[in-house]
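Asks: First the structure, then my questions, so here it is.
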Amino acid sequence: MSISFDVVINSSEYAVDMKAGLETMQGVSDSTRIISEAICAGRVVKRQRTSSKLRTNMKETFEGSYGQVFSVDFYDKATKDKFESIGEKTFIELIQHFILVALYLDVPELSSSATRILDEMGDNARQLVEQLRLSPLKKLHSIANKFDRTITIRHRNANGNADMVASFNHGTSASLMTRRGRDVQVIEAAVTRFNINTGNGRLFLRNNPTLETVAFGFKDYKGIKVSHKRIFTENLNYNNGLSSDDWRYMRLAVYPEHTRDGRIVRYMISRIHEE
């Protein structure tokens with residue numbers, strides 16, 4: 001049993017630098033494979049082994065920039081059964097979710113089936129995001145960093161169409177090389193997304209002219225009191241369905257994480273200023 005993808009590297013010459021291209025392909029393989037294994041086998045793998053019952057396989061190449069077809073293949077009954085119970089549509093939804101979260105990007109709202117699987121993963125979801133940031137996504141960006149190429153992963157569905165899963169460039173690479181500010185800041189923000197299992201979410205800052213949200217997290221989420229976790233959940237629930245003019249904002253002490261050019265990609269929560 002397998003699920004088909006392709007990776008496209010933007011290149012007008014229909015050719016790419018071999019070393020950087022192979023590093024990018026390795027990053028694509030590692031990223032999709034560890035996400036698939038976390039979802040279907042219930043474990044976050046730090047080192048890939050050829051004996052694994054779930055592997056990625058290269059297929060044919062194709063023209064149009066530089067394209068490579070590949071697949072994620074399931075070789076044992078347990079992972080096959082898990083994949084079948086999840087369904088291909090939800091599976092792709094989760095792959096996209098984890099990639100975007102790992103890059104601190106806003107994510108589409110998950111379907112009820114994808115949310116259920118995410119909740120079942122528990123702390124594995126948090127570990128998976130951290131593992132993606134350590135190596136696989138950095139390798140994936142190799143050709144973007146060295147040759148300013150855009151990389152796109154697409155899902156090739158049964159009717160022959162290719163739907164984009166995620167796109168990568170020099171800008172998304174910068175999100176993986178962040179620095180945490182030394183000085184605490186106090187912000188007023190509303191919660192727009194929050195996963196109580198992982199501690200990851202999105203904040204909208206009061207008086208933000210861009211209307212963009214920013215990722216947030218916690219340094220030691222396991223040590224956070226349940227009562228404090230509920231504060232974020234309650235803020236999200238209160239604001240759901242309301243106009244942003246009627247949102248309830250929280251005062252938070254945070255450490256900003258920013259890229260080298262100063263762009264803030266995440267706030268690490270230090271303290272909640274309870275009223």
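Lettering and numbering for the structure tokens are positional, with chains as A, B, ... in the shown order, residues counted from 1 in each chain, and ligands counted from 1 in the shown order.
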Might you pull out every residue within 8 Å of Val129 of chain A, with only C-alpha atoms counted and same-chain residues fewer than 4 positions away left off, and present them as a short mmCIF file (atom, residue, chain, number, x, y, z; two decimals) with C-alpha atoms, in the first residue's frame?

Replies:
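Wrote around37.cif, looks like this:
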```cif
data_model
loop_
_atom_site.label_atom_id
_atom_site.label_comp_id
_atom_site.auth_asym_id
_atom_site.auth_seq_id
_atom_site.Cartn_x
_atom_site.Cartn_y
_atom_site.Cartn_z
CA PHE A 98 2.80 19.30 10.86
CA ILE A 99 4.97 20.88 8.17
CA VAL A 101 3.40 24.19 12.32
CA ALA A 102 7.11 23.28 12.26
CA ALA A 125 2.70 15.55 18.13
CA ARG A 133 12.89 21.42 12.94
#
```

Asks: Show me, as a PDB file with N, CA and C atoms, in the first residue's frame, the residues that have an atom within 6 Å of Phe216 of chain A when counting only C-alpha atoms, minus same-chain residues fewer than 2 positions from it.

Replies:
```pdb
ATOM      1  N   ASN A 200       1.190  24.267  21.336  1.00  0.00           N
ATOM      2  CA  ASN A 200       1.388  25.153  20.186  1.00  0.00           C
ATOM      3  C   ASN A 200       0.085  25.861  19.848  1.00  0.00           C
ATOM      4  N   GLY A 201       0.205  27.093  19.356  1.00  0.00           N
ATOM      5  CA  GLY A 201      -0.986  27.836  18.976  1.00  0.00           C
ATOM      6  C   GLY A 201      -0.629  29.097  18.224  1.00  0.00           C
ATOM      7  N   ARG A 202      -1.641  29.951  18.020  1.00  0.00           N
ATOM      8  CA  ARG A 202      -1.466  31.214  17.304  1.00  0.00           C
ATOM      9  C   ARG A 202      -2.097  32.331  18.128  1.00  0.00           C
ATOM     10  N   ARG A 266       7.723  33.477  16.618  1.00  0.00           N
ATOM     11  CA  ARG A 266       7.044  32.808  17.728  1.00  0.00           C
ATOM     12  C   ARG A 266       7.270  33.582  19.020  1.00  0.00           C
ATOM     13  N   TYR A 267       6.265  33.540  19.888  1.00  0.00           N
ATOM     14  CA  TYR A 267       6.396  34.054  21.248  1.00  0.00           C
ATOM     15  C   TYR A 267       6.418  32.872  22.209  1.00  0.00           C
ATOM     16  N   MET A 268       7.442  32.834  23.057  1.00  0.00           N
ATOM     17  CA  MET A 268       7.498  31.822  24.107  1.00  0.00           C
ATOM     18  C   MET A 268       6.887  32.422  25.365  1.00  0.00           C
TER      19      MET A 268
END
```

Asks: Any idea what's packed within 12 Å of Ile151 of chain A, counting only C-alpha atoms, ignoring anything in its chain fewer than 3 positions away? Could you give it as a ChimeraX atom specification?

Replies: /A:6-11,16,21,24-25,27-28,65-68,137,139-145,147-148,154,164-173

Asks: Have a look at A:Ala20, A:Leu242, A:Ile35, A:Ala158 and name the one nearest to Arg126 of chain A; count only C-alpha atoms.

Replies: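 Nearest to Arg126 of chain A: A:Ile35.
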
Asks: So, with only C-alpha atoms as the atoms that count, which of A:Thr259, A:Ser243, A:Asn197, A:Asn237 lies closest to Ile224 of chain A?

Replies: A:Asn197

Asks: Atom CA of Leu176 of chain A to atom CA of Val214 of chain A: how many Å, to one decimal?

Replies: 14.9 Å

Asks: Assign secondary structure with DSSP using the backbone only, and return the residues of segment 11-234 of chain A in alpha helix (DSSP H) as a ChimeraX atom specification.

Replies: /A:18-41,77-86,88-102,112-121,123-134,136-140,142-147,170-174,226-234

Asks: Please save C-alpha atoms of the selected residues as an mmCIF file, in the first residue's frame.

Replies:
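part20.cif was written with the following content:
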```
data_model
loop_
_atom_site.group_PDB
_atom_site.id
_atom_site.type_symbol
_atom_site.label_atom_id
_atom_site.label_comp_id
_atom_site.auth_asym_id
_atom_site.auth_seq_id
_atom_site.Cartn_x
_atom_site.Cartn_y
_atom_site.Cartn_z
ATOM 1 C CA MET A 18 23.257 17.505 -7.717
ATOM 2 C CA LYS A 19 24.596 17.824 -4.145
ATOM 3 C CA ALA A 20 22.061 20.420 -3.010
ATOM 4 C CA GLY A 21 19.298 18.652 -4.920
ATOM 5 C CA LEU A 22 20.037 15.326 -3.228
ATOM 6 C CA GLU A 23 20.115 16.993 0.192
ATOM 7 C CA THR A 24 16.731 18.521 -0.527
ATOM 8 C CA MET A 25 15.342 15.162 -1.672
ATOM 9 C CA GLN A 26 16.679 13.579 1.521
ATOM 10 C CA GLY A 27 14.952 16.259 3.571
ATOM 11 C CA VAL A 28 11.683 15.701 1.716
ATOM 12 C CA SER A 29 11.978 11.954 2.294
ATOM 13 C CA ASP A 30 12.823 12.298 5.989
ATOM 14 C CA SER A 31 10.056 14.831 6.614
ATOM 15 C CA THR A 32 7.253 12.836 5.011
ATOM 16 C CA ARG A 33 8.514 9.580 6.459
ATOM 17 C CA ILE A 34 8.781 10.624 10.109
ATOM 18 C CA ILE A 35 5.394 12.342 9.942
ATOM 19 C CA SER A 36 3.856 9.202 8.434
ATOM 20 C CA GLU A 37 5.492 6.986 11.037
ATOM 21 C CA ALA A 38 4.347 9.208 13.904
ATOM 22 C CA ILE A 39 0.770 9.122 12.610
ATOM 23 C CA CYS A 40 0.528 5.446 11.647
ATOM 24 C CA ALA A 41 3.022 3.721 13.948
ATOM 25 C CA LYS A 77 -0.375 -4.820 8.521
ATOM 26 C CA ALA A 78 -0.476 -2.490 11.536
ATOM 27 C CA THR A 79 0.555 0.650 9.633
ATOM 28 C CA LYS A 80 -1.588 -0.313 6.630
ATOM 29 C CA ASP A 81 -4.631 -0.749 8.859
ATOM 30 C CA LYS A 82 -3.963 2.553 10.625
ATOM 31 C CA PHE A 83 -3.607 4.397 7.318
ATOM 32 C CA GLU A 84 -6.834 2.866 6.003
ATOM 33 C CA SER A 85 -8.715 3.823 9.164
ATOM 34 C CA ILE A 86 -7.498 7.427 8.880
ATOM 35 C CA GLU A 88 -5.951 9.411 2.523
ATOM 36 C CA LYS A 89 -7.591 12.846 2.694
ATOM 37 C CA THR A 90 -7.142 13.172 6.464
ATOM 38 C CA PHE A 91 -3.618 11.746 6.239
ATOM 39 C CA ILE A 92 -2.570 14.457 3.757
ATOM 40 C CA GLU A 93 -4.255 17.079 5.918
ATOM 41 C CA LEU A 94 -2.113 16.016 8.884
ATOM 42 C CA ILE A 95 1.126 15.972 6.879
ATOM 43 C CA GLN A 96 0.438 19.529 5.767
ATOM 44 C CA HIS A 97 -0.457 20.537 9.325
ATOM 45 C CA PHE A 98 2.795 19.297 10.859
ATOM 46 C CA ILE A 99 4.968 20.879 8.172
ATOM 47 C CA LEU A 100 3.297 24.274 8.518
ATOM 48 C CA VAL A 101 3.401 24.187 12.325
ATOM 49 C CA ALA A 102 7.108 23.280 12.262
ATOM 50 C CA SER A 112 -12.958 16.810 12.921
ATOM 51 C CA SER A 113 -11.306 13.552 11.819
ATOM 52 C CA ALA A 114 -7.838 15.139 11.651
ATOM 53 C CA THR A 115 -8.375 16.805 15.035
ATOM 54 C CA ARG A 116 -9.270 13.445 16.552
ATOM 55 C CA ILE A 117 -6.068 11.826 15.246
ATOM 56 C CA LEU A 118 -4.002 14.785 16.451
ATOM 57 C CA ASP A 119 -5.509 14.467 19.928
ATOM 58 C CA GLU A 120 -4.802 10.722 19.955
ATOM 59 C CA MET A 121 -1.126 11.391 19.187
ATOM 60 C CA ASP A 123 2.835 14.334 23.235
ATOM 61 C CA ASN A 124 4.105 12.600 20.080
ATOM 62 C CA ALA A 125 2.702 15.552 18.131
ATOM 63 C CA ARG A 126 4.939 17.978 20.041
ATOM 64 C CA GLN A 127 7.994 15.719 19.700
ATOM 65 C CA LEU A 128 7.343 15.349 15.976
ATOM 66 C CA VAL A 129 7.328 19.108 15.373
ATOM 67 C CA GLU A 130 10.587 19.483 17.309
ATOM 68 C CA GLN A 131 12.208 16.645 15.348
ATOM 69 C CA LEU A 132 11.172 18.153 12.008
ATOM 70 C CA ARG A 133 12.887 21.419 12.939
ATOM 71 C CA LEU A 134 16.123 19.717 14.005
ATOM 72 C CA PRO A 136 14.664 17.087 8.042
ATOM 73 C CA LEU A 137 13.299 20.537 7.187
ATOM 74 C CA LYS A 138 16.784 22.067 7.252
ATOM 75 C CA LYS A 139 17.971 19.482 4.705
ATOM 76 C CA LEU A 140 14.850 20.069 2.640
ATOM 77 C CA SER A 142 19.292 23.059 1.012
ATOM 78 C CA ILE A 143 18.667 24.081 -2.586
ATOM 79 C CA ALA A 144 16.546 27.047 -1.494
ATOM 80 C CA ASN A 145 19.401 28.365 0.637
ATOM 81 C CA LYS A 146 22.215 27.739 -1.831
ATOM 82 C CA PHE A 147 20.512 28.513 -5.148
ATOM 83 C CA HIS A 170 14.526 31.098 1.471
ATOM 84 C CA GLY A 171 11.912 32.785 3.653
ATOM 85 C CA THR A 172 10.599 29.583 5.202
ATOM 86 C CA SER A 173 14.182 28.464 5.769
ATOM 87 C CA ALA A 174 14.838 31.585 7.842
ATOM 88 C CA VAL A 226 -3.602 22.508 33.934
ATOM 89 C CA SER A 227 -5.348 25.635 35.222
ATOM 90 C CA HIS A 228 -3.027 27.794 33.100
ATOM 91 C CA LYS A 229 -3.619 25.652 30.028
ATOM 92 C CA ARG A 230 -7.342 26.160 30.527
ATOM 93 C CA ILE A 231 -6.893 29.941 30.445
ATOM 94 C CA PHE A 232 -5.731 29.678 26.827
ATOM 95 C CA THR A 233 -8.497 27.236 25.927
ATOM 96 C CA GLU A 234 -11.137 29.452 27.537
#
```

Asks: Using only C-alpha atoms for the distances, tell me which of A:Asp17, A:Asp183, A:Asp106, A:Glu212 is nearest to Tyr255 of chain A.

Replies: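 Counting only C-alpha atoms, the residue closest to Tyr255 of chain A is A:Asp183.
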
Asks: Would you list, as a VMD selection string, the residues of segment 71-188 of chain A that end up in strand (DSSP E or B) under DSSP run on this structure's backbone?

Replies: chain A and resid 71 to 74 151 to 156 162 to 168 179 to 180 185 to 188

Asks: Taking only C-alpha atoms into account, name the residue in A:Asn207, A:Glu257, A:Asp220, A:Ala15 that is nearest to Asp245 of chain A.

Replies: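 Smallest separation from Asp245 of chain A among the options: A:Asn207.
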
Asks: Using only C-alpha atoms, find the one residue out of A:Ser270, A:Asn240, A:Thr198, A:Thr178 that sits nearest to His258 of chain A.

Replies: A:Thr178

Asks: Have a look at atom CA of His155 of chain A and atom CA of Leu105 of chain A and let me know their distance in Å, one decimal.

Replies: 19.5 Å

Asks: Could you state the separation of atom CA of Val184 of chain A and atom CA of Ser135 of chain A in Å, given to one decimal place?

Replies: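 Atom-to-atom, atom CA of Val184 of chain A and atom CA of Ser135 of chain A are spaced 28.6 Å apart.
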